[in-house]
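Here's the structure we're looking at; comments come further down.
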Amino acid sequence: MLIFVSNSNAQKFGFGCLGLSGFYVGISEHHYKAQGINNYVNTNAAGNLIKLDDEVNFNLSSGYRIGANFFRAKWDQVFITAKGFFQFLKEEHALNPSQTLQHKFQLNMNQWGVGVDIGIPITSFFDWKIIEGGVTYYNSELVQQQFADNSLTREIKFAPEKGKTSYYVATGIIVHIIPDYMSLEGTAAYNVMNINEFIHNLPDVGGSKIKEPFSKYGFSGTFQLNISFPF
């Protein structure tokens with residue numbers, strides 16, 4: 001009698017067919033050059049009544065990011081993640097042309113996006129996110145408020161007439177606090193922003209524009225906490 005014995009080994013794709021899914025929250029900063037906006041704010045909006053030392057410089061918005069990792073598939077030597085997110089970012093400044101007059105400006109750089117990253121494990125608790133790429137859509141807006149004797153007398157909002165898709169490429173690190181369940185992730189990104197002009201339409205006098213409000217390229221950084229679970 002001959003008995004043949006063999007072993008069967010299941011192949012793993014993360015934890016189940018979709019790997020690790022989960023959500024994340026974090027803080028984010030976005031660096032850019034906003035020459036068009038700064039020119040408008042420091043000249044047109046204030047009526048050339050401010051001193052050079054008092055000029056504002058829009059160049060950094062900060063806020064929060066929330067999102068989800070749709071899946072994170074892990075092998076021994078590589079992992080792949082698909083994700084989506086929404087960021088709440090803003091920058092605020094104020095100008096005081098006179099003792100009774102004040103202009104306040106708020107630049108909202110809210111955006112949502114989707115992306116994919118590819119990385120490798122360095123140690124059991126440390127991963128290198130080699131490259132991440134994705135597309136973003138900016139819901140940007142410049143809000144100008146004028147106050148006289150601390151009372152709001154005028155509010156103007158500028159926004160792109162038509163939204164366009166923007167892009168980013170990034171790299172980062174992941175530190176595992178509880179392997180496969182909780183981690184800290186840091187990301188540095190290079191952004192290509194397609195925002196050509198801001199427009200404000202006035203019912204009686206037509207529209208006014210801020211041309212080339214931003215440079216096309218900018219940098220951003222995000223630090224986030226990931227909560228994952230097997231799916």
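In the structure tokens, the first chain shown is A, the next is B, and so on; residue numbers restart at 1 for each chain, and ligands run from 1 in the order shown.
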**Asked** What lies within 7 Å of Leu95 of chain A using only C-alpha atoms, ignoring chain neighbours under 3 positions off, as a PyMOL selection string?
**Response** chain A and resi 102-104
**helix (DSSP H, G or I) call set, DSSP backbone run, segment 7-229 of chain A, as a ChimeraX atom specification** = /A:35-45,52-54
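Among the candidate residues A:Ala82, A:Ile27, A:Ala94, A:Met109, the one lying nearest to Leu142 of chain A is A:Met109, with distances computed using only C-alpha atoms.
Comparing A:Ala159, A:Val114, A:Ile178, A:Ala189 by their smallest distance to Glu29 of chain A, the closest is A:Ala189 (using only C-alpha atoms).
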Which residues are near Asn38 of chain A? Cut-off 10 Å, only C-alpha atoms, ignore same chain within fewer than 3 positions. Put them as a CSV table (one decimal) with N, CA, C and O atoms, in the first residue's frame.
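Wrote part_38.csv, looks like this:
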chain,number,residue,atom,x,y,z
A,33,LYS,N,3.2,79.9,-4.4
A,33,LYS,CA,3.4,81.3,-4.7
A,33,LYS,C,2.1,81.8,-5.2
A,33,LYS,O,1.6,81.3,-6.2
A,34,ALA,N,1.6,82.9,-4.6
A,34,ALA,CA,0.3,83.5,-5.0
A,34,ALA,C,0.5,84.9,-5.5
A,34,ALA,O,-0.1,85.8,-4.9
A,35,GLN,N,1.3,85.1,-6.5
A,35,GLN,CA,1.6,86.5,-6.9
A,35,GLN,C,0.4,87.3,-7.4
A,35,GLN,O,0.3,88.4,-7.1
A,41,VAL,N,-4.5,92.0,-3.6
A,41,VAL,CA,-4.7,92.3,-2.2
A,41,VAL,C,-4.0,93.6,-1.8
A,41,VAL,O,-4.5,94.5,-1.2
A,42,ASN,N,-2.7,93.7,-2.2
A,42,ASN,CA,-1.9,94.8,-1.7
A,42,ASN,C,-2.0,96.1,-2.5
A,42,ASN,O,-1.5,97.1,-2.1
A,43,THR,N,-2.7,96.0,-3.7
A,43,THR,CA,-2.9,97.2,-4.5
A,43,THR,C,-4.3,97.5,-4.7
A,43,THR,O,-4.9,98.5,-4.1
A,44,ASN,N,-5.1,96.7,-5.5
A,44,ASN,CA,-6.5,97.0,-5.8
A,44,ASN,C,-7.3,97.1,-4.6
A,44,ASN,O,-8.1,98.0,-4.4
A,45,ALA,N,-7.2,96.1,-3.7
A,45,ALA,CA,-8.2,95.9,-2.6
A,45,ALA,C,-7.9,97.0,-1.6
A,45,ALA,O,-8.9,97.6,-1.0
A,55,GLU,N,2.4,94.9,3.8
A,55,GLU,CA,1.9,94.1,2.7
A,55,GLU,C,1.8,92.6,3.2
A,55,GLU,O,2.6,92.1,3.9
A,56,VAL,N,0.7,92.0,2.7
A,56,VAL,CA,0.5,90.6,3.1
A,56,VAL,C,1.1,89.7,2.0
A,56,VAL,O,1.3,90.1,0.9
A,57,ASN,N,1.3,88.5,2.4
A,57,ASN,CA,2.0,87.5,1.4
A,57,ASN,C,1.3,86.2,1.6
A,57,ASN,O,1.6,85.5,2.6
A,58,PHE,N,0.4,85.9,0.7
A,58,PHE,CA,-0.3,84.6,0.7
A,58,PHE,C,0.7,83.5,0.2
A,58,PHE,O,1.2,83.6,-1.0
A,59,ASN,N,1.1,82.6,1.0
A,59,ASN,CA,2.1,81.5,0.5
A,59,ASN,C,1.9,80.2,1.2
A,59,ASN,O,2.6,79.2,0.9
A,210,ILE,N,-8.9,88.1,-11.2
A,210,ILE,CA,-7.5,88.0,-10.7
A,210,ILE,C,-6.8,87.0,-11.6
A,210,ILE,O,-7.1,85.8,-11.5
A,213,PRO,N,-3.7,83.6,-10.4
A,213,PRO,CA,-3.6,83.8,-8.9
A,213,PRO,C,-2.5,83.0,-8.2
A,213,PRO,O,-2.0,83.5,-7.2
A,214,PHE,N,-2.1,81.9,-8.8
A,214,PHE,CA,-1.1,81.0,-8.2
A,214,PHE,C,0.0,80.7,-9.3
A,214,PHE,O,-0.3,80.7,-10.5
**Message:** I need the strand (DSSP E or B) residues of segment 77-214 of chain A per DSSP on the backbone, written as a ChimeraX atom specification.
**Reply:** /A:79-95,101-121,126-148,151-159,165-178,182-192,197-202,206-211
**Request:** Using only C-alpha atoms, pick whichever of A:Ser215, A:Gln146, A:Thr165, A:Ser228 has the shortest atom-to-atom distance to Asn96 of chain A.
**Result:**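 The shortest atom-to-atom distance to Asn96 of chain A comes from A:Gln146.
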